[in-house]
Amino acid sequence: MQNLAKLTLITGGARSGKSFLAETMAQKSELPVVYFATMGKIASDAEVIERIEMHVERRSPDWQTIEEPLLLAKAIKKLVVSSPKTLCLIDCLSLFVSNLLLSIPYTIENSGVRKELEENILSEVDDLLAAIFERDDLSFIVVTNEVGSGIVPDNNLARSYRDLLGVANQKFAARAEQVFIAISGLGLQLK
C-alpha cells in the first residue's frame with residue numbers, strides 16, 4: 001500500500017496525464033475510493049459526454065462516484081464512509097472554480113459585483129480546504145489545471161477565471177503535503 005499524504009495536488013495542462021496519474025495513485029493506495037466528479041453532463045455537447053465516459057471507463061467499478069459541481073465542501077462534510085481510512089479523488093478543482101464562476105450571471109460592466117463574486121468563489125475554495133482538513137478519516141488527491149502559462153485571455157471572464165484558478169491552486173499547493181505536475185504523461189513531484 002502506498003503511503004498517502006492528507007492532501008496531494010496534481011496540476012498540469014490539458015491532456016497532460018494528470019487525471020490518469022491521480023487515478024493510478026488512487027488504485028495503488030489499496031484504500032476504498034470516493035471519486036468526486038465536478039463536470040456535469042451537457043446533453044448538447046457530445047465531446048463533453050465522450051470525455052466523461054472515458055473517465056468513467058478508466059475508474060475501478062469498486063469506486064463510489066459522487067457528481068458534485070458546486071457543493072463540494074458540503075458533500076465532503078456529509079460523506080459517510082464504512083472504512084476507517086478512505087481516499088477521495090476530486091477531479092477537478094478547475095471545473096469546480098469554473099462552475100462557481102458560471103453559476104451566477106457575470107457582469108463585466110459592474111466591477112463591484114465582479115469583485116464580490118470573486119471573493120465568494122475564493123471563500124468557497126477556503127471552505128473546501130477546511131472541509132478536507134476536518135476529516136481525519138479521509139485522504140485527498142485533487143486534480144487541477146495549470147492555466148497561467150499561456151496567452152493572456154482577451155476577455156474579462158476568461159481573465160477572471162485564470163486569476164481565480166491561479167489563486168485556488170496556490171491555496172491548495174500551500175496546504176498540500178505532496179504536489180505533482182503532469183507533463184506529457186509523466187508526473188514530476190514538486191513538493
# chains A, B, ... in the order shown; residues from 1 in each chain; ligands from 1
>>> residues_around(residues="Gly17 in chain A", least_positions_apart="4", cutoff="9 Å", atoms="only C-alpha atoms", output="number ranges by chain")
A: 12-13, 21-22, 182-187
>>> closest_atom_pairs(of="range 144-167 of chain A", to="range 114-124 of chain A", cutoff="10 Å", atoms="only C-alpha atoms", output="JSON lines")
{"residue": "A:Asn156", "atom": "CA", "partner": "A:Arg114", "partner_atom": "CA", "distance": 9.9}
{"residue": "A:Leu157", "atom": "CA", "partner": "A:Arg114", "partner_atom": "CA", "distance": 9.4}
{"residue": "A:Ser160", "atom": "CA", "partner": "A:Glu118", "partner_atom": "CA", "distance": 7.9}
{"residue": "A:Tyr161", "atom": "CA", "partner": "A:Glu118", "partner_atom": "CA", "distance": 9.0}
{"residue": "A:Asp163", "atom": "CA", "partner": "A:Glu118", "partner_atom": "CA", "distance": 9.5}
{"residue": "A:Leu164", "atom": "CA", "partner": "A:Glu118", "partner_atom": "CA", "distance": 7.1}
{"residue": "A:Leu165", "atom": "CA", "partner": "A:Leu122", "partner_atom": "CA", "distance": 9.1}
{"residue": "A:Val167", "atom": "CA", "partner": "A:Leu122", "partner_atom": "CA", "distance": 8.0}
>>> closest_residue(among="A:Leu7, A:Ala37, A:Ala176, A:Ala26", to="Cys92 in chain A", atoms="only C-alpha atoms")
A:Ala37
>>> atom_distance(atom1="CA of Ala5 in chain A", atom2="CA of Arg59 in chain A")
21.0 Å
>>> residues_around(residues="Asn145 in chain A", least_positions_apart="5", cutoff="10 Å", atoms="only C-alpha atoms", output="list in words")
Ile10, Thr11, Gly12, Gly13, Ala14, Arg15, Ser16, Lys18, Cys92, Leu93, Ser94, Leu95, Arg162, Leu165, Gly166, Asn169, Ile181 and Ala182 of chain A
>>> closest_residue(among="A:Asp127, A:Leu71, A:Thr8, A:Asp136", to="Met25 in chain A", atoms="only C-alpha atoms")
A:Thr8
>>> select_by_dssp(residues="chain A", states="strand (DSSP E or B)", output="number ranges by chain")
A: 7-12, 33-37, 64-67, 86-91, 138-143, 178-183, 186-189
>>> write_last_selection(atoms="N, CA and C atoms", output="tab-separated table (two decimals), in the first residue's frame")
chain	number	residue	atom	x	y	z
A	7	LEU	N	-3.28	15.53	1.81
A	7	LEU	CA	-3.70	16.22	0.59
A	7	LEU	C	-2.58	16.17	-0.43
A	8	THR	N	-2.89	15.61	-1.59
A	8	THR	CA	-1.98	15.59	-2.74
A	8	THR	C	-2.64	16.39	-3.84
A	9	LEU	N	-1.90	17.33	-4.42
A	9	LEU	CA	-2.39	18.14	-5.53
A	9	LEU	C	-1.65	17.73	-6.79
A	10	ILE	N	-2.41	17.52	-7.86
A	10	ILE	CA	-1.81	17.20	-9.16
A	10	ILE	C	-2.29	18.24	-10.16
A	11	THR	N	-1.33	18.96	-10.75
A	11	THR	CA	-1.65	20.00	-11.72
A	11	THR	C	-1.01	19.66	-13.05
A	12	GLY	N	-1.39	20.37	-14.07
A	12	GLY	CA	-0.83	20.16	-15.40
A	12	GLY	C	-1.74	20.78	-16.44
A	33	VAL	N	-12.16	4.10	-2.46
A	33	VAL	CA	-12.04	5.39	-3.14
A	33	VAL	C	-13.43	5.98	-3.39
A	34	VAL	N	-13.54	7.27	-3.06
A	34	VAL	CA	-14.72	8.06	-3.42
A	34	VAL	C	-14.24	9.07	-4.44
A	35	TYR	N	-14.84	9.04	-5.62
A	35	TYR	CA	-14.45	9.90	-6.74
A	35	TYR	C	-15.46	11.03	-6.84
A	36	PHE	N	-15.03	12.25	-6.58
A	36	PHE	CA	-15.89	13.42	-6.73
A	36	PHE	C	-15.69	13.98	-8.13
A	37	ALA	N	-16.71	13.86	-8.95
A	37	ALA	CA	-16.67	14.37	-10.33
A	37	ALA	C	-17.36	15.74	-10.34
A	64	GLN	N	-16.76	4.53	-5.44
A	64	GLN	CA	-18.02	5.26	-5.34
A	64	GLN	C	-17.84	6.59	-6.06
A	65	THR	N	-18.78	6.95	-6.91
A	65	THR	CA	-18.72	8.23	-7.62
A	65	THR	C	-19.81	9.15	-7.12
A	66	ILE	N	-19.41	10.39	-6.82
A	66	ILE	CA	-20.36	11.43	-6.43
A	66	ILE	C	-20.18	12.58	-7.42
A	67	GLU	N	-21.24	12.89	-8.14
A	67	GLU	CA	-21.20	14.02	-9.07
A	67	GLU	C	-21.64	15.27	-8.31
A	86	THR	N	-10.30	6.29	4.05
A	86	THR	CA	-10.82	6.30	2.69
A	86	THR	C	-10.09	7.39	1.91
A	87	LEU	N	-9.91	7.16	0.63
A	87	LEU	CA	-9.28	8.13	-0.25
A	87	LEU	C	-10.36	8.80	-1.10
A	88	CYS	N	-10.31	10.12	-1.16
A	88	CYS	CA	-11.21	10.88	-2.03
A	88	CYS	C	-10.39	11.49	-3.15
A	89	LEU	N	-10.86	11.31	-4.37
A	89	LEU	CA	-10.23	11.90	-5.54
A	89	LEU	C	-11.18	12.95	-6.09
A	90	ILE	N	-10.75	14.19	-6.13
A	90	ILE	CA	-11.56	15.28	-6.68
A	90	ILE	C	-11.02	15.61	-8.06
A	91	ASP	N	-11.85	15.41	-9.08
A	91	ASP	CA	-11.44	15.69	-10.45
A	91	ASP	C	-12.55	16.54	-11.09
A	138	LEU	N	-10.26	10.76	6.03
A	138	LEU	CA	-10.14	10.84	4.58
A	138	LEU	C	-8.80	11.43	4.17
A	139	SER	N	-8.24	10.88	3.09
A	139	SER	CA	-7.11	11.50	2.39
A	139	SER	C	-7.64	11.97	1.04
A	140	PHE	N	-6.96	12.95	0.45
A	140	PHE	CA	-7.47	13.55	-0.78
A	140	PHE	C	-6.39	13.66	-1.85
A	141	ILE	N	-6.77	13.35	-3.07
A	141	ILE	CA	-6.00	13.69	-4.25
A	141	ILE	C	-6.87	14.65	-5.04
A	142	VAL	N	-6.33	15.83	-5.33
A	142	VAL	CA	-7.09	16.85	-6.04
A	142	VAL	C	-6.38	17.15	-7.35
A	143	VAL	N	-7.12	17.06	-8.44
A	143	VAL	CA	-6.60	17.35	-9.78
A	143	VAL	C	-7.01	18.78	-10.15
A	178	GLN	N	1.93	16.93	-0.68
A	178	GLN	CA	2.54	16.49	-1.93
A	178	GLN	C	1.91	17.27	-3.08
A	179	VAL	N	2.77	17.73	-4.02
A	179	VAL	CA	2.30	18.41	-5.22
A	179	VAL	C	3.05	17.83	-6.41
A	180	PHE	N	2.31	17.46	-7.44
A	180	PHE	CA	2.88	16.92	-8.67
A	180	PHE	C	2.43	17.77	-9.84
A	181	ILE	N	3.25	17.83	-10.87
A	181	ILE	CA	2.83	18.40	-12.15
A	181	ILE	C	2.96	17.29	-13.18
A	182	ALA	N	1.94	17.16	-14.01
A	182	ALA	CA	1.95	16.16	-15.08
A	182	ALA	C	2.33	16.86	-16.38
A	183	ILE	N	3.32	16.30	-17.04
A	183	ILE	CA	3.78	16.83	-18.33
A	183	ILE	C	3.99	15.65	-19.26
A	186	LEU	N	3.92	12.24	-17.73
A	186	LEU	CA	4.86	11.95	-16.65
A	186	LEU	C	4.55	12.85	-15.46
A	187	GLY	N	4.63	12.28	-14.28
A	187	GLY	CA	4.39	13.06	-13.06
A	187	GLY	C	5.71	13.48	-12.43
A	188	LEU	N	5.90	14.76	-12.25
A	188	LEU	CA	7.09	15.30	-11.60
A	188	LEU	C	6.69	15.85	-10.25
A	189	GLN	N	7.31	15.34	-9.18
A	189	GLN	CA	6.96	15.81	-7.84
A	189	GLN	C	7.63	17.15	-7.56
>>> select_by_dssp(residues="range 27-183 of chain A", states="helix (DSSP H, G or I)", output="NGL selection string")
:A and (27-29 or 46-58 or 72-78 or 93-102 or 111-134 or 156-175)
